[in-house]
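S.K.: For reference, this is run_28.pdb, and it has PDB, C-alpha atoms and all ligand atoms.
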```pdb
ATOM      1  CA  MET A 989     179.484  78.113 104.973  1.00  0.00           C
ATOM      2  CA  ILE A 990     175.829  78.893 104.337  1.00  0.00           C
ATOM      3  CA  ILE A 991     174.403  76.418 101.821  1.00  0.00           C
ATOM      4  CA  ARG A 992     171.992  78.134  99.424  1.00  0.00           C
ATOM      5  CA  LYS A 993     169.158  76.111  97.895  1.00  0.00           C
ATOM      6  CA  THR A 994     167.825  76.234  94.358  1.00  0.00           C
ATOM      7  CA  PRO A 995     164.137  77.057  93.850  1.00  0.00           C
ATOM      8  CA  GLN A 996     163.547  73.360  93.134  1.00  0.00           C
ATOM      9  CA  GLN A 997     165.209  72.390  96.411  1.00  0.00           C
ATOM     10  CA  VAL A 998     163.131  74.975  98.256  1.00  0.00           C
ATOM     11  CA  ASP A 999     160.040  73.349  96.771  1.00  0.00           C
ATOM     12  CA  GLN A1000     161.230  69.988  98.126  1.00  0.00           C
ATOM     13  CA  MET A1001     161.665  71.524 101.564  1.00  0.00           C
ATOM     14  CA  ALA A1002     158.154  72.964 101.248  1.00  0.00           C
ATOM     15  CA  ALA A1003     156.861  69.428 100.647  1.00  0.00           C
ATOM     16  CA  ALA A1004     158.405  68.362 103.965  1.00  0.00           C
ATOM     17  CA  GLY A1005     156.931  71.504 105.507  1.00  0.00           C
ATOM     18  CA  GLU A1006     153.472  70.715 104.233  1.00  0.00           C
ATOM     19  CA  ILE A1007     153.514  67.345 106.031  1.00  0.00           C
ATOM     20  CA  LEU A1008     154.849  69.042 109.138  1.00  0.00           C
ATOM     21  CA  VAL A1009     152.049  71.621 109.148  1.00  0.00           C
ATOM     22  CA  ARG A1010     149.379  68.946 108.895  1.00  0.00           C
ATOM     23  CA  CYS A1011     151.089  67.151 111.792  1.00  0.00           C
ATOM     24  CA  LEU A1012     151.148  70.307 113.933  1.00  0.00           C
ATOM     25  CA  LYS A1013     147.470  70.999 113.232  1.00  0.00           C
ATOM     26  CA  MET A1014     146.616  67.446 114.236  1.00  0.00           C
ATOM     27  CA  LEU A1015     148.627  67.815 117.465  1.00  0.00           C
ATOM     28  CA  GLU A1016     147.071  71.201 118.235  1.00  0.00           C
ATOM     29  CA  ALA A1017     143.608  69.654 117.902  1.00  0.00           C
ATOM     30  CA  LYS A1018     144.567  66.776 120.228  1.00  0.00           C
ATOM     31  CA  THR A1019     146.127  68.978 122.906  1.00  0.00           C
ATOM     32  CA  ARG A1020     143.754  69.051 125.862  1.00  0.00           C
ATOM     33  CA  ALA A1021     143.694  68.315 129.578  1.00  0.00           C
ATOM     34  CA  GLY A1022     144.301  64.621 130.302  1.00  0.00           C
ATOM     35  CA  ILE A1023     146.313  63.692 127.206  1.00  0.00           C
ATOM     36  CA  THR A1024     149.989  62.884 127.680  1.00  0.00           C
ATOM     37  CA  THR A1025     152.818  64.211 125.577  1.00  0.00           C
ATOM     38  CA  LEU A1026     153.798  60.599 124.875  1.00  0.00           C
ATOM     39  CA  GLU A1027     150.396  60.102 123.236  1.00  0.00           C
ATOM     40  CA  LEU A1028     150.994  63.219 121.127  1.00  0.00           C
ATOM     41  CA  ASP A1029     154.430  61.889 120.210  1.00  0.00           C
ATOM     42  CA  GLU A1030     153.032  58.549 119.083  1.00  0.00           C
ATOM     43  CA  ALA A1031     150.348  60.251 117.008  1.00  0.00           C
ATOM     44  CA  ALA A1032     152.953  62.488 115.378  1.00  0.00           C
ATOM     45  CA  GLU A1033     155.277  59.635 114.484  1.00  0.00           C
ATOM     46  CA  LYS A1034     152.442  57.564 113.047  1.00  0.00           C
ATOM     47  CA  PHE A1035     151.211  60.477 110.943  1.00  0.00           C
ATOM     48  CA  ILE A1036     154.651  61.484 109.648  1.00  0.00           C
ATOM     49  CA  ARG A1037     155.522  57.924 108.623  1.00  0.00           C
ATOM     50  CA  SER A1038     152.103  57.522 106.955  1.00  0.00           C
ATOM     51  CA  GLN A1039     153.121  60.364 104.645  1.00  0.00           C
ATOM     52  CA  GLY A1040     156.272  58.595 103.473  1.00  0.00           C
ATOM     53  CA  ALA A1041     158.402  60.867 105.649  1.00  0.00           C
ATOM     54  CA  GLU A1042     160.485  60.480 108.803  1.00  0.00           C
ATOM     55  CA  PRO A1043     160.476  62.299 112.121  1.00  0.00           C
ATOM     56  CA  ALA A1044     163.712  64.325 112.088  1.00  0.00           C
ATOM     57  CA  PHE A1045     164.148  64.405 115.859  1.00  0.00           C
ATOM     58  CA  LYS A1046     163.827  60.654 116.482  1.00  0.00           C
ATOM     59  CA  GLY A1047     167.304  59.400 117.312  1.00  0.00           C
ATOM     60  CA  TYR A1048     168.905  62.811 116.743  1.00  0.00           C
ATOM     61  CA  ARG A1049     171.901  62.681 119.103  1.00  0.00           C
ATOM     62  CA  GLY A1050     169.931  59.975 120.895  1.00  0.00           C
ATOM     63  CA  PHE A1051     166.712  61.957 121.386  1.00  0.00           C
ATOM     64  CA  PRO A1052     163.958  59.386 122.018  1.00  0.00           C
ATOM     65  CA  GLY A1053     160.915  61.278 120.744  1.00  0.00           C
ATOM     66  CA  SER A1054     159.489  62.303 117.381  1.00  0.00           C
ATOM     67  CA  ILE A1055     158.455  65.650 118.864  1.00  0.00           C
ATOM     68  CA  CYS A1056     159.792  67.894 121.599  1.00  0.00           C
ATOM     69  CA  ALA A1057     157.033  68.610 124.106  1.00  0.00           C
ATOM     70  CA  SER A1058     157.917  71.343 126.586  1.00  0.00           C
ATOM     71  CA  PRO A1059     155.275  72.431 129.123  1.00  0.00           C
ATOM     72  CA  ASN A1060     155.154  75.683 131.097  1.00  0.00           C
ATOM     73  CA  SER A1061     158.603  76.774 132.336  1.00  0.00           C
ATOM     74  CA  MET A1062     160.298  74.250 130.068  1.00  0.00           C
ATOM     75  CA  VAL A1063     161.475  76.202 127.024  1.00  0.00           C
ATOM     76  CA  VAL A1064     162.526  73.494 124.562  1.00  0.00           C
ATOM     77  CA  HIS A1065     163.729  69.914 124.058  1.00  0.00           C
ATOM     78  CA  GLY A1066     161.231  68.211 126.351  1.00  0.00           C
ATOM     79  CA  ILE A1067     161.164  64.436 126.061  1.00  0.00           C
ATOM     80  CA  PRO A1068     157.552  63.240 125.663  1.00  0.00           C
ATOM     81  CA  ASP A1069     156.352  61.425 128.778  1.00  0.00           C
ATOM     82  CA  ARG A1070     153.325  59.994 130.561  1.00  0.00           C
ATOM     83  CA  THR A1071     152.413  63.094 132.561  1.00  0.00           C
ATOM     84  CA  PRO A1072     148.857  64.179 131.664  1.00  0.00           C
ATOM     85  CA  LEU A1073     148.469  67.785 130.594  1.00  0.00           C
ATOM     86  CA  GLN A1074     146.399  69.971 132.883  1.00  0.00           C
ATOM     87  CA  ARG A1075     144.016  72.787 132.133  1.00  0.00           C
ATOM     88  CA  GLY A1076     145.962  76.041 132.214  1.00  0.00           C
ATOM     89  CA  ASP A1077     149.232  74.538 130.955  1.00  0.00           C
ATOM     90  CA  LEU A1078     151.166  75.935 128.030  1.00  0.00           C
ATOM     91  CA  LEU A1079     152.684  73.286 125.803  1.00  0.00           C
ATOM     92  CA  ALA A1080     155.432  74.044 123.285  1.00  0.00           C
ATOM     93  CA  ILE A1081     155.392  71.427 120.516  1.00  0.00           C
ATOM     94  CA  ASP A1082     158.373  71.247 118.146  1.00  0.00           C
ATOM     95  CA  VAL A1083     158.353  68.909 115.141  1.00  0.00           C
ATOM     96  CA  GLY A1084     160.905  68.071 112.450  1.00  0.00           C
ATOM     97  CA  VAL A1085     160.101  66.200 109.241  1.00  0.00           C
ATOM     98  CA  VAL A1086     162.467  64.672 106.679  1.00  0.00           C
ATOM     99  CA  LYS A1087     160.979  64.063 103.235  1.00  0.00           C
ATOM    100  CA  ASP A1088     163.148  62.883 100.323  1.00  0.00           C
ATOM    101  CA  GLY A1089     166.250  63.932 102.228  1.00  0.00           C
ATOM    102  CA  TRP A1090     165.070  67.489 103.000  1.00  0.00           C
ATOM    103  CA  VAL A1091     164.249  68.710 106.494  1.00  0.00           C
ATOM    104  CA  ALA A1092     161.588  71.114 107.767  1.00  0.00           C
ATOM    105  CA  ASP A1093     161.381  72.298 111.382  1.00  0.00           C
ATOM    106  CA  ALA A1094     158.565  74.182 113.111  1.00  0.00           C
ATOM    107  CA  ALA A1095     157.128  74.744 116.553  1.00  0.00           C
ATOM    108  CA  MET A1096     154.150  76.294 118.248  1.00  0.00           C
ATOM    109  CA  THR A1097     153.028  76.818 121.805  1.00  0.00           C
ATOM    110  CA  VAL A1098     149.471  75.758 122.571  1.00  0.00           C
ATOM    111  CA  PRO A1099     147.285  76.695 125.555  1.00  0.00           C
ATOM    112  CA  VAL A1100     145.585  73.775 127.312  1.00  0.00           C
ATOM    113  CA  GLY A1101     142.119  75.169 127.864  1.00  0.00           C
ATOM    114  CA  THR A1102     141.903  78.586 129.441  1.00  0.00           C
ATOM    115  CA  VAL A1103     145.236  80.054 130.515  1.00  0.00           C
ATOM    116  CA  THR A1104     146.194  83.127 132.522  1.00  0.00           C
ATOM    117  CA  ALA A1105     146.354  86.600 131.011  1.00  0.00           C
ATOM    118  CA  GLU A1106     150.129  86.459 131.507  1.00  0.00           C
ATOM    119  CA  ALA A1107     150.287  83.267 129.460  1.00  0.00           C
ATOM    120  CA  GLU A1108     148.047  84.710 126.729  1.00  0.00           C
ATOM    121  CA  LYS A1109     150.328  87.708 126.465  1.00  0.00           C
ATOM    122  CA  LEU A1110     153.440  85.509 126.298  1.00  0.00           C
ATOM    123  CA  LEU A1111     151.910  83.512 123.441  1.00  0.00           C
ATOM    124  CA  ALA A1112     150.837  86.590 121.509  1.00  0.00           C
ATOM    125  CA  VAL A1113     154.172  88.360 121.907  1.00  0.00           C
ATOM    126  CA  THR A1114     156.263  85.308 120.984  1.00  0.00           C
ATOM    127  CA  LYS A1115     154.138  84.555 117.922  1.00  0.00           C
ATOM    128  CA  GLY A1116     154.295  88.228 116.958  1.00  0.00           C
ATOM    129  CA  ALA A1117     158.082  88.150 117.338  1.00  0.00           C
ATOM    130  CA  LEU A1118     158.254  85.239 114.909  1.00  0.00           C
ATOM    131  CA  PHE A1119     156.430  87.243 112.255  1.00  0.00           C
ATOM    132  CA  VAL A1120     158.427  90.446 112.713  1.00  0.00           C
ATOM    133  CA  GLY A1121     161.595  88.362 112.451  1.00  0.00           C
ATOM    134  CA  ILE A1122     160.378  86.609 109.310  1.00  0.00           C
ATOM    135  CA  ASP A1123     159.564  89.963 107.723  1.00  0.00           C
ATOM    136  CA  GLN A1124     163.295  90.792 107.844  1.00  0.00           C
ATOM    137  CA  ALA A1125     164.252  87.614 105.958  1.00  0.00           C
ATOM    138  CA  ARG A1126     164.811  89.343 102.619  1.00  0.00           C
ATOM    139  CA  PRO A1127     167.721  89.530 100.194  1.00  0.00           C
ATOM    140  CA  GLY A1128     169.971  92.468 101.046  1.00  0.00           C
ATOM    141  CA  ASN A1129     169.071  92.510 104.730  1.00  0.00           C
ATOM    142  CA  HIS A1130     171.484  91.099 107.277  1.00  0.00           C
ATOM    143  CA  LEU A1131     171.113  88.285 109.771  1.00  0.00           C
ATOM    144  CA  GLY A1132     171.228  90.800 112.617  1.00  0.00           C
ATOM    145  CA  ASP A1133     168.091  92.468 111.283  1.00  0.00           C
ATOM    146  CA  ILE A1134     166.103  89.330 112.109  1.00  0.00           C
ATOM    147  CA  GLY A1135     167.382  89.042 115.664  1.00  0.00           C
ATOM    148  CA  HIS A1136     167.071  92.750 116.286  1.00  0.00           C
ATOM    149  CA  ALA A1137     163.432  92.818 115.192  1.00  0.00           C
ATOM    150  CA  ILE A1138     162.594  89.849 117.417  1.00  0.00           C
ATOM    151  CA  GLN A1139     164.437  91.243 120.433  1.00  0.00           C
ATOM    152  CA  ARG A1140     162.873  94.689 120.125  1.00  0.00           C
ATOM    153  CA  HIS A1141     159.381  93.247 119.787  1.00  0.00           C
ATOM    154  CA  VAL A1142     159.790  91.024 122.861  1.00  0.00           C
ATOM    155  CA  GLU A1143     161.586  93.461 125.137  1.00  0.00           C
ATOM    156  CA  ALA A1144     159.096  96.254 124.352  1.00  0.00           C
ATOM    157  CA  GLU A1145     156.534  94.039 126.120  1.00  0.00           C
ATOM    158  CA  GLY A1146     158.733  93.463 129.168  1.00  0.00           C
ATOM    159  CA  LEU A1147     159.535  89.849 128.260  1.00  0.00           C
ATOM    160  CA  SER A1148     162.970  88.265 127.664  1.00  0.00           C
ATOM    161  CA  VAL A1149     164.564  86.605 124.655  1.00  0.00           C
ATOM    162  CA  ILE A1150     166.824  83.699 125.543  1.00  0.00           C
ATOM    163  CA  ARG A1151     170.383  84.278 124.340  1.00  0.00           C
ATOM    164  CA  THR A1152     171.805  80.770 124.601  1.00  0.00           C
ATOM    165  CA  LEU A1153     169.225  79.094 122.324  1.00  0.00           C
ATOM    166  CA  VAL A1154     169.166  80.131 118.681  1.00  0.00           C
ATOM    167  CA  GLY A1155     167.601  79.344 115.334  1.00  0.00           C
ATOM    168  CA  HIS A1156     169.598  77.849 112.492  1.00  0.00           C
ATOM    169  CA  GLY A1157     170.087  77.280 108.819  1.00  0.00           C
ATOM    170  CA  ILE A1158     168.327  74.149 107.563  1.00  0.00           C
ATOM    171  CA  GLY A1159     168.344  71.981 104.461  1.00  0.00           C
ATOM    172  CA  ARG A1160     169.622  68.455 104.023  1.00  0.00           C
ATOM    173  CA  GLU A1161     170.708  68.756 107.652  1.00  0.00           C
ATOM    174  CA  MET A1162     168.444  69.940 110.442  1.00  0.00           C
ATOM    175  CA  HIS A1163     171.146  72.252 111.772  1.00  0.00           C
ATOM    176  CA  GLU A1164     173.213  74.113 109.188  1.00  0.00           C
ATOM    177  CA  GLU A1165     174.971  77.442 109.306  1.00  0.00           C
ATOM    178  CA  PRO A1166     174.245  80.159 110.198  1.00  0.00           C
ATOM    179  CA  GLN A1167     173.055  80.354 113.781  1.00  0.00           C
ATOM    180  CA  VAL A1168     170.031  82.664 113.947  1.00  0.00           C
ATOM    181  CA  PRO A1169     169.994  84.485 117.300  1.00  0.00           C
ATOM    182  CA  ASN A1170     166.849  86.125 118.651  1.00  0.00           C
ATOM    183  CA  PHE A1171     168.821  89.265 119.431  1.00  0.00           C
ATOM    184  CA  GLY A1172     171.223  91.395 117.469  1.00  0.00           C
ATOM    185  CA  GLU A1173     172.182  94.647 115.836  1.00  0.00           C
ATOM    186  CA  PRO A1174     170.621  95.882 112.588  1.00  0.00           C
ATOM    187  CA  GLY A1175     172.893  95.613 109.569  1.00  0.00           C
ATOM    188  CA  ARG A1176     175.277  93.175 111.275  1.00  0.00           C
ATOM    189  CA  GLY A1177     176.089  89.590 110.412  1.00  0.00           C
ATOM    190  CA  PRO A1178     176.008  87.847 107.034  1.00  0.00           C
ATOM    191  CA  GLU A1179     174.035  89.435 104.230  1.00  0.00           C
ATOM    192  CA  LEU A1180     170.884  87.467 103.447  1.00  0.00           C
ATOM    193  CA  GLU A1181     170.733  86.036  99.942  1.00  0.00           C
ATOM    194  CA  GLU A1182     168.225  84.225  97.770  1.00  0.00           C
ATOM    195  CA  GLY A1183     168.225  80.498  98.488  1.00  0.00           C
ATOM    196  CA  MET A1184     169.156  80.688 102.153  1.00  0.00           C
ATOM    197  CA  VAL A1185     166.697  78.746 104.308  1.00  0.00           C
ATOM    198  CA  LEU A1186     166.448  79.546 108.004  1.00  0.00           C
ATOM    199  CA  ALA A1187     164.599  78.096 110.988  1.00  0.00           C
ATOM    200  CA  ILE A1188     163.578  81.301 112.764  1.00  0.00           C
ATOM    201  CA  GLU A1189     162.491  80.483 116.299  1.00  0.00           C
ATOM    202  CA  PRO A1190     161.959  83.029 119.055  1.00  0.00           C
ATOM    203  CA  MET A1191     162.209  81.449 122.502  1.00  0.00           C
ATOM    204  CA  VAL A1192     160.841  83.802 125.132  1.00  0.00           C
ATOM    205  CA  ASN A1193     160.635  83.787 128.914  1.00  0.00           C
ATOM    206  CA  ALA A1194     157.977  85.704 130.783  1.00  0.00           C
ATOM    207  CA  GLY A1195     160.651  86.424 133.418  1.00  0.00           C
ATOM    208  CA  GLY A1196     164.385  86.845 133.003  1.00  0.00           C
ATOM    209  CA  PRO A1197     166.434  85.624 130.027  1.00  0.00           C
ATOM    210  CA  LEU A1198     168.457  82.896 131.740  1.00  0.00           C
ATOM    211  CA  VAL A1199     167.855  79.160 131.339  1.00  0.00           C
ATOM    212  CA  ARG A1200     169.045  75.974 133.036  1.00  0.00           C
ATOM    213  CA  MET A1201     169.406  72.369 131.887  1.00  0.00           C
ATOM    214  CA  GLY A1202     167.129  69.684 133.264  1.00  0.00           C
ATOM    215  CA  ASP A1203     168.354  66.477 134.874  1.00  0.00           C
ATOM    216  CA  ASP A1204     167.660  64.408 131.741  1.00  0.00           C
ATOM    217  CA  GLY A1205     170.276  66.350 129.784  1.00  0.00           C
ATOM    218  CA  TRP A1206     167.696  67.519 127.221  1.00  0.00           C
ATOM    219  CA  ALA A1207     165.015  69.724 128.734  1.00  0.00           C
ATOM    220  CA  VAL A1208     165.836  73.407 129.070  1.00  0.00           C
ATOM    221  CA  TYR A1209     163.915  75.464 131.652  1.00  0.00           C
ATOM    222  CA  SER A1210     163.690  79.144 132.431  1.00  0.00           C
ATOM    223  CA  GLU A1211     166.074  79.637 135.342  1.00  0.00           C
ATOM    224  CA  ASP A1212     163.492  81.570 137.342  1.00  0.00           C
ATOM    225  CA  ASP A1213     160.747  79.020 136.525  1.00  0.00           C
ATOM    226  CA  SER A1214     158.737  81.658 134.690  1.00  0.00           C
ATOM    227  CA  LEU A1215     156.553  80.562 131.770  1.00  0.00           C
ATOM    228  CA  ALA A1216     158.272  80.152 128.411  1.00  0.00           C
ATOM    229  CA  ALA A1217     157.032  80.034 124.812  1.00  0.00           C
ATOM    230  CA  HIS A1218     158.493  78.948 121.472  1.00  0.00           C
ATOM    231  CA  PHE A1219     157.290  79.522 117.934  1.00  0.00           C
ATOM    232  CA  GLU A1220     159.258  78.464 114.858  1.00  0.00           C
ATOM    233  CA  PHE A1221     158.920  78.426 111.081  1.00  0.00           C
ATOM    234  CA  THR A1222     161.216  77.242 108.328  1.00  0.00           C
ATOM    235  CA  VAL A1223     161.586  80.209 105.974  1.00  0.00           C
ATOM    236  CA  ALA A1224     163.243  80.496 102.554  1.00  0.00           C
ATOM    237  CA  ILE A1225     164.661  83.798 101.357  1.00  0.00           C
ATOM    238  CA  THR A1226     163.394  84.481  97.844  1.00  0.00           C
ATOM    239  CA  PRO A1227     163.581  87.481  95.491  1.00  0.00           C
ATOM    240  CA  ASP A1228     159.963  88.174  96.448  1.00  0.00           C
ATOM    241  CA  GLY A1229     160.771  88.141 100.185  1.00  0.00           C
ATOM    242  CA  PRO A1230     160.301  85.487 102.849  1.00  0.00           C
ATOM    243  CA  ARG A1231     158.567  82.263 101.834  1.00  0.00           C
ATOM    244  CA  ILE A1232     157.265  80.354 104.845  1.00  0.00           C
ATOM    245  CA  LEU A1233     157.721  76.624 104.177  1.00  0.00           C
ATOM    246  CA  THR A1234     155.756  75.568 107.273  1.00  0.00           C
ATOM    247  CA  PRO A1235     152.689  77.846 107.151  1.00  0.00           C
ATOM    248  CA  TRP A1236     150.495  76.464 109.900  1.00  0.00           C
ATOM    249  CA  HIS A1237     149.066  79.806 110.956  1.00  0.00           C
ATOM    250  CA  GLU A1238     148.033  82.992 109.206  1.00  0.00           C
ATOM    251  CA  ALA A1239     150.386  85.926 109.680  1.00  0.00           C
TER     252      ALA A1239
HETATM  253 MG    MG B1301     164.831  74.529 115.152  1.00  0.00          MG
END
```
When written as structure tokens, how does the structure in this file appear?
M.R.:
Amino acid sequence: MIIRKTPQQVDQMAAAGEILVRCLKMLEAKTRAGITTLELDEAAEKFIRSQGAEPAFKGYRGFPGSICASPNSMVVHGIPDRTPLQRGDLLAIDVGVVKDGWVADAAMTVPVGTVTAEAEKLLAVTKGALFVGIDQARPGNHLGDIGHAIQRHVEAEGLSVIRTLVGHGIGREMHEEPQVPNFGEPGRGPELEEGMVLAIEPMVNAGGPLVRMGDDGWAVYSEDDSLAAHFEFTVAITPDGPRILTPWHEA
């Protein structure tokens, strides 16, 4: 069952999203060679709690961090650690915030200093895929329209969408129905209706689409060790079209 939210509830989710965006901007500014992802995690937790909110990931199924920090070929779900970032790394940062019982979820991938042209392209294409997917999040469209738009955008550039990791509905729970794949057929899947709130999150490999689990049981890597990127927004479907509840970056 897809739980639809009232406009007032969407506003409450936007309040969580506003804290999340300020957290992401703070983390983006701190991301540089020499800092560790554990330091970023500590800064995120401190900031989120200072806003009267809670980090949604902390303790989720036993996850130890307040953020997921996934460098280079790691796609998602990286546990923050003491490894210093290096110039040329890509770092995917995923943050969840709970405020007054409502959850917001967003991610971005940040270059550490100057990165390769391949990495720049991966970032641009994955971010672009997020926005073309969001543009489909309108009443009367279908869930498959979102995934189709993302897949077409990514594959046209010779990159790969990951099939086994998907976006999700979100609300009082971080993961609600429906699953939101980054691939699909236009016009297929549930019809999108006002009040649905989705975490749309293209996860893209520069190489092939397959992934493998890391030894810690959390981290997911591209199977071919190619670079990966992840961008995510929490988006509400409104009569006026998509409303981004975590607007950290201009479209
Ligand atoms: Mg998510």
S.K.: So that each row is one residue of chain A with an atom at most 7 Å from ligand MG 1301 (chain B), can you give its shortest atom pair and the distance in Å to one decimal, using all atoms listed in the file, rows by chain and rising number, as a tab-separated table?
M.R.:
```
residue	atom	partner	partner_atom	distance
A:Asp1093	CA	B:MG1301	MG	5.6
A:Ala1094	CA	B:MG1301	MG	6.6
A:Gly1155	CA	B:MG1301	MG	5.6
A:His1156	CA	B:MG1301	MG	6.4
A:Ala1187	CA	B:MG1301	MG	5.5
A:Glu1189	CA	B:MG1301	MG	6.5
A:Glu1220	CA	B:MG1301	MG	6.8
```
S.K.: Please enumerate the residues selected by the PyMOL selection byres (((chain A and resi 1163) around 12) and not hetatm) when evaluated against the supplied file, formatted as a list in words.
M.R.: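 This file gives the following for the PyMOL selection byres (((chain A and resi 1163) around 12) and not hetatm): Ile990, Ile991, Ala1044, Phe1045, Tyr1048, Gly1084, Trp1090, Val1091, Ala1092, Asp1093, Val1154, Gly1155, His1156, Gly1157, Ile1158, Gly1159, Arg1160, Glu1161, Met1162, Glu1164, Glu1165, Pro1166, Gln1167, Val1168, Val1185, Leu1186, Ala1187, Ile1188 and Thr1222 of chain A.
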S.K.: Could you jot down the CA of Thr994 in chain A to CA of Gly1135 in chain A separation for me, Å, one decimal place?
M.R.: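 A separation of 24.9 Å between them.
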S.K.: Name the residues in contact with Leu1180 in chain A at a cut-off of 7 Å, using all atoms listed in the file, excluding same-chain residues fewer than 3 positions from it; report them as JSON, numbers by chain.
M.R.: {"A": [1126, 1127, 1128, 1129, 1130, 1131]}
S.K.: To verify the selection step, state as an NGL selection string which residues the PyMOL selection byres (((chain A and resi 1033) around 12) and not hetatm) yields on this input.
M.R.: :A and (1007-1008 or 1011-1012 or 1014-1015 or 1026-1032 or 1034-1046 or 1052-1056 or 1068 or 1083-1086)
S.K.: Please report the interatomic distance between CA of Gly1005 in chain A and CA of Ser1058 in chain A in Å with one decimal.
M.R.: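 Computing the Euclidean distance for CA of Gly1005 in chain A and CA of Ser1058 in chain A yields 21.1 Å.
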S.K.: Would you please work out which residue, of A:Arg1070, A:Arg1231, A:His1065, A:Arg1010, is nearest to Glu1182 in chain A when using all atoms listed in the file?
M.R.: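 Between A:Arg1070, A:Arg1231, A:His1065, A:Arg1010, the residue approaching Glu1182 in chain A most closely is A:Arg1231.
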S.K.: So how many Å separate CA of Met1062 in chain A and CA of Asp1123 in chain A, to one decimal?
M.R.: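 Taking CA of Met1062 in chain A and CA of Asp1123 in chain A, their separation equals 27.3 Å.
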S.K.: At a cut-off of 10 Å, using only C-alpha atoms, what residues contact Thr1104 in chain A? Leave out same-chain residues fewer than 4 positions from it and give the result as number ranges by chain.
M.R.: A: 1076-1078, 1099, 1108-1110
S.K.: Starting from the PyMOL selection byres (((chain A and resi 1214) around 12) and not hetatm), expand the selection into actual residues of this file and give them as a list in words.
M.R.: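 Given this file, the PyMOL selection byres (((chain A and resi 1214) around 12) and not hetatm) evaluates to Pro1059, Asn1060, Ser1061, Met1062, Val1063, Leu1078, Glu1106, Ala1107, Leu1110, Leu1147, Ser1148, Val1192, Asn1193, Ala1194, Gly1195, Gly1196, Pro1197, Leu1198, Val1199, Arg1200, Tyr1209, Ser1210, Glu1211, Asp1212, Asp1213, Leu1215, Ala1216 and Ala1217 of chain A.
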S.K.: Kindly indicate which residue among A:Leu1073, A:Gly1116, A:Ala1125, A:Thr1097 lies nearest to Pro1230 in chain A, using all atoms listed in the file for the distances.
M.R.: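 Closest residue, counting all atoms listed in the file: A:Ala1125.
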S.K.: List as a list in words the protein and nucleic acid residues near Glu1006 in chain A, meaning an atom at most 9 Å away when all atoms listed in the file are counted, but skip any in the same chain fewer than 6 places from it.
M.R.: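 Listed by chain and then number, they are Ala1092, Leu1233, Thr1234, Pro1235 and Trp1236 of chain A.
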S.K.: When you count all atoms listed in the file, which of these residues is closest to Pro1072 in chain A: A:His1141, A:Arg1020, A:Lys993, A:Arg1176?
M.R.: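 Using all atoms listed in the file, Pro1072 in chain A sits closest to A:Arg1020.
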S.K.: Which is closest to Asp1133 in chain A among A:Asp1203, A:Asp1088, A:Asp999, A:Glu1179, if we use all atoms listed in the file?
M.R.: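 That would be A:Glu1179, the residue with the smallest distance to Asp1133 in chain A.
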S.K.: For each of A:Ala1207, A:Val1113, A:Ala1095, A:Ala1003, take the minimum atom-to-atom distance to Gln1139 in chain A, counting all atoms listed in the file, then give the residue where this is smallest.
M.R.: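 With all atoms listed in the file as the atom set, the closest residue is A:Val1113.
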S.K.: Rank nothing, just name the residue among A:Val1009, A:Leu1153, A:Ala1021, A:Val998 nearest to Thr1102 in chain A, using all atoms listed in the file.
M.R.: A:Ala1021
